[in-house]
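Asks: There's a structure below that I have some questions on.
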Amino acid sequence: MLVDHAHLERKAATSAINLEKYRDLFPRVEELNAIAIEELQHFQHVLNLLKQRGIPFARPQTSPWISGLMRSVRSGQRHQAIDHLICAALIEGRSCEKFQILAKELQSIDPGLGRFYDSLIESEGNHYATYLLMARGIDDAETDRRLDFYLDLDAELIRQPNPLPILH
């Protein structure tokens, strides 16, 4: 799971940088850079945990949930930006939820790892809110419409079994 977490942090940094290509987000490029930097710091923290625990960094596993969300991103600058932001928000929101669970459950099993996951909760929640607000800043009504679509898709994707030891 830590290897998967490392890859998710790396991908989150890449996603924040990729969002900078949308014209509607040019005024928000510094915010996106700050998110990317923070995600890279999280990536480095997870790499440090892997090293401390003697766990080799390995290839990433594909997440059917994330792939399912991203396959639904529409083409076209404005629609693509809104969809990409909503997907990023949902990924960050789910991470926030899962880190809360991990922090609580790991308290008695692995207190250090529990504290690590607890330290990420606020950041993930902030990224969720920032991405959603960015989408609303482009088009509030379209964001609401697409958020409804993505929440339905999320519910469908979550119900699909996944035997892999991954976060999403």
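By order of appearance in the structure tokens: chains A, B, ..., then residues from 1 within every chain, and ligands from 1 in the order shown.
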Could you go through stretch 22-64 of chain A and tell me which residues DSSP, when run on the backbone, assigns to helix (DSSP H, G or I), listing them as number ranges by chain?
Replies: A: 23-52, 64
Asks: Quick one: contact table of stretch 14-55 of chain A to stretch 114-132 of chain A, 12 Å max, nearest atom pair and distance in Å to one decimal per residue, counting only C-alpha atoms, chain and number order, as a Markdown table?
Replies:
```
| residue | atom | partner | partner_atom | distance |
| --- | --- | --- | --- | --- |
| A:Ser15 | CA | A:Tyr131 | CA | 11.1 |
| A:Ala16 | CA | A:Tyr131 | CA | 9.4 |
| A:Leu19 | CA | A:Tyr131 | CA | 9.9 |
| A:Leu25 | CA | A:Tyr131 | CA | 10.6 |
| A:Arg28 | CA | A:Thr130 | CA | 10.3 |
| A:Glu31 | CA | A:Thr130 | CA | 8.7 |
| A:Leu32 | CA | A:Tyr131 | CA | 9.1 |
| A:Asn33 | CA | A:His127 | CA | 11.9 |
| A:Ala34 | CA | A:His127 | CA | 10.2 |
| A:Ile35 | CA | A:His127 | CA | 7.2 |
| A:Ala36 | CA | A:His127 | CA | 10.2 |
| A:Ile37 | CA | A:Ser123 | CA | 11.9 |
| A:Glu38 | CA | A:Ser123 | CA | 8.4 |
| A:Glu39 | CA | A:Ser123 | CA | 9.1 |
| A:Gln41 | CA | A:Leu120 | CA | 10.9 |
| A:His42 | CA | A:Leu120 | CA | 8.1 |
| A:Phe43 | CA | A:Leu120 | CA | 11.3 |
| A:His45 | CA | A:Phe116 | CA | 8.9 |
| A:Val46 | CA | A:Phe116 | CA | 9.2 |
| A:Asn48 | CA | A:Phe116 | CA | 11.6 |
| A:Leu49 | CA | A:Phe116 | CA | 9.5 |
```
Asks: Leaving out A:Ile66 and any residue of its chain fewer than 6 positions from it, which residues lie within 9 Å of it when counting only C-alpha atoms, given as JSON, numbers by chain?
Replies: {"A": [87, 91, 157, 168]}
Asks: Could the residues in this selection be written to a file with N, CA, C and O atoms, as a PDB file, in the first residue's frame?
Replies:
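Saved as out_32.pdb:
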```
ATOM      1  N   CYS A  87     -12.445  15.462 -11.200  1.00  0.00           N
ATOM      2  CA  CYS A  87     -11.774  14.178 -10.942  1.00  0.00           C
ATOM      3  C   CYS A  87     -10.678  14.350  -9.897  1.00  0.00           C
ATOM      4  O   CYS A  87     -10.571  13.549  -8.964  1.00  0.00           O
ATOM      5  N   ILE A  91     -10.551  12.552  -6.192  1.00  0.00           N
ATOM      6  CA  ILE A  91      -9.403  11.744  -5.778  1.00  0.00           C
ATOM      7  C   ILE A  91      -8.850  12.274  -4.456  1.00  0.00           C
ATOM      8  O   ILE A  91      -8.564  11.496  -3.533  1.00  0.00           O
ATOM      9  N   LEU A 157     -18.319   2.871  -9.709  1.00  0.00           N
ATOM     10  CA  LEU A 157     -16.950   2.342  -9.718  1.00  0.00           C
ATOM     11  C   LEU A 157     -16.543   1.754  -8.373  1.00  0.00           C
ATOM     12  O   LEU A 157     -15.829   0.752  -8.311  1.00  0.00           O
ATOM     13  N   HIS A 168      -6.811   3.488  -3.881  1.00  0.00           N
ATOM     14  CA  HIS A 168      -8.001   3.845  -4.659  1.00  0.00           C
ATOM     15  C   HIS A 168      -8.346   2.748  -5.638  1.00  0.00           C
ATOM     16  O   HIS A 168      -7.534   2.154  -6.242  1.00  0.00           O
TER      17      HIS A 168
END
```
Asks: Which distance in Å separates atom CA of A:Val73 and atom CA of A:Ala88, to one decimal?
Replies: 11.0 Å
Asks: Pick out the residues sitting within 10 Å of A:Ser72, and hand them over as a list in words; count only C-alpha atoms, and ignore anything fewer than 5 positions along from it in its own chain.
Replies: Ser67, Gln80, Asp83, His84, Cys87, Phe149, Tyr150 and Leu153 of chain A
Asks: Just write the chosen residues, N, CA, C and O atoms, as a JSON list (two decimals), in the first residue's frame.
Replies:
```
[["chain", "number", "residue", "atom", "x", "y", "z"],
["A", 67, "SER", "N", -8.93, 5.28, -13.18],
["A", 67, "SER", "CA", -9.04, 5.13, -14.64],
["A", 67, "SER", "C", -10.47, 5.34, -15.10],
["A", 67, "SER", "O", -10.71, 5.99, -16.12],
["A", 80, "GLN", "N", -13.14, 20.11, -20.53],
["A", 80, "GLN", "CA", -12.05, 19.25, -20.08],
["A", 80, "GLN", "C", -11.47, 19.76, -18.76],
["A", 80, "GLN", "O", -11.20, 18.98, -17.85],
["A", 83, "ASP", "N", -14.00, 18.94, -15.92],
["A", 83, "ASP", "CA", -13.99, 17.51, -15.62],
["A", 83, "ASP", "C", -12.70, 17.09, -14.93],
["A", 83, "ASP", "O", -12.72, 16.33, -13.96],
["A", 84, "HIS", "N", -11.57, 17.59, -15.41],
["A", 84, "HIS", "CA", -10.27, 17.24, -14.83],
["A", 84, "HIS", "C", -10.21, 17.72, -13.38],
["A", 84, "HIS", "O", -9.75, 16.99, -12.49],
["A", 87, "CYS", "N", -12.44, 15.46, -11.20],
["A", 87, "CYS", "CA", -11.77, 14.18, -10.94],
["A", 87, "CYS", "C", -10.68, 14.35, -9.90],
["A", 87, "CYS", "O", -10.57, 13.55, -8.96],
["A", 149, "PHE", "N", -22.88, 13.94, -12.18],
["A", 149, "PHE", "CA", -22.48, 12.84, -13.06],
["A", 149, "PHE", "C", -21.34, 12.04, -12.43],
["A", 149, "PHE", "O", -21.39, 10.81, -12.36],
["A", 150, "TYR", "N", -20.32, 12.74, -11.96],
["A", 150, "TYR", "CA", -19.15, 12.04, -11.41],
["A", 150, "TYR", "C", -19.44, 11.34, -10.08],
["A", 150, "TYR", "O", -18.87, 10.29, -9.80],
["A", 153, "LEU", "N", -20.99, 8.15, -11.12],
["A", 153, "LEU", "CA", -19.94, 7.27, -11.65],
["A", 153, "LEU", "C", -19.08, 6.73, -10.51],
["A", 153, "LEU", "O", -18.76, 5.54, -10.48]]
```
Asks: Please provide the set of residues having any atom within 10 Å of A:Lys98, restricted to only C-alpha atoms, with same-chain residues fewer than 3 positions apart removed, written as a PyMOL selection string.
Replies: chain A and resi 92-95+101-104+117+121+167-168
Asks: Kindly export the residues of the current selection with N, CA and C atoms, as an mmCIF file, in the first residue's frame.
Replies:
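Listed below is the output, part13.cif:
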```
data_model
loop_
_atom_site.group_PDB
_atom_site.id
_atom_site.type_symbol
_atom_site.label_atom_id
_atom_site.label_comp_id
_atom_site.auth_asym_id
_atom_site.auth_seq_id
_atom_site.Cartn_x
_atom_site.Cartn_y
_atom_site.Cartn_z
ATOM 1 N N GLU A 92 -8.709 13.586 -4.360
ATOM 2 C CA GLU A 92 -8.208 14.183 -3.116
ATOM 3 C C GLU A 92 -9.189 13.958 -1.970
ATOM 4 N N GLY A 93 -10.477 14.087 -2.249
ATOM 5 C CA GLY A 93 -11.491 13.869 -1.211
ATOM 6 C C GLY A 93 -11.487 12.442 -0.696
ATOM 7 N N ARG A 94 -11.392 11.486 -1.600
ATOM 8 C CA ARG A 94 -11.324 10.077 -1.188
ATOM 9 C C ARG A 94 -10.033 9.804 -0.413
ATOM 10 N N SER A 95 -8.946 10.430 -0.821
ATOM 11 C CA SER A 95 -7.692 10.270 -0.082
ATOM 12 C C SER A 95 -7.855 10.786 1.337
ATOM 13 N N ILE A 101 -9.272 7.208 8.065
ATOM 14 C CA ILE A 101 -9.477 5.831 8.520
ATOM 15 C C ILE A 101 -8.141 5.195 8.881
ATOM 16 N N LEU A 102 -7.149 5.347 8.002
ATOM 17 C CA LEU A 102 -5.827 4.766 8.267
ATOM 18 C C LEU A 102 -5.211 5.354 9.533
ATOM 19 N N ALA A 103 -5.299 6.662 9.712
ATOM 20 C CA ALA A 103 -4.727 7.305 10.897
ATOM 21 C C ALA A 103 -5.323 6.722 12.170
ATOM 22 N N LYS A 104 -6.628 6.549 12.168
ATOM 23 C CA LYS A 104 -7.309 6.020 13.352
ATOM 24 C C LYS A 104 -6.955 4.552 13.587
ATOM 25 N N TYR A 117 -0.253 9.490 8.428
ATOM 26 C CA TYR A 117 -1.515 9.644 7.700
ATOM 27 C C TYR A 117 -2.358 10.769 8.284
ATOM 28 N N ILE A 121 -4.161 14.627 6.285
ATOM 29 C CA ILE A 121 -5.619 14.801 6.162
ATOM 30 C C ILE A 121 -5.994 16.230 5.769
ATOM 31 N N LEU A 167 -4.727 2.153 -2.541
ATOM 32 C CA LEU A 167 -5.593 3.076 -1.823
ATOM 33 C C LEU A 167 -6.878 3.383 -2.558
ATOM 34 N N HIS A 168 -6.811 3.488 -3.881
ATOM 35 C CA HIS A 168 -8.001 3.845 -4.659
ATOM 36 C C HIS A 168 -8.346 2.748 -5.638
#
```
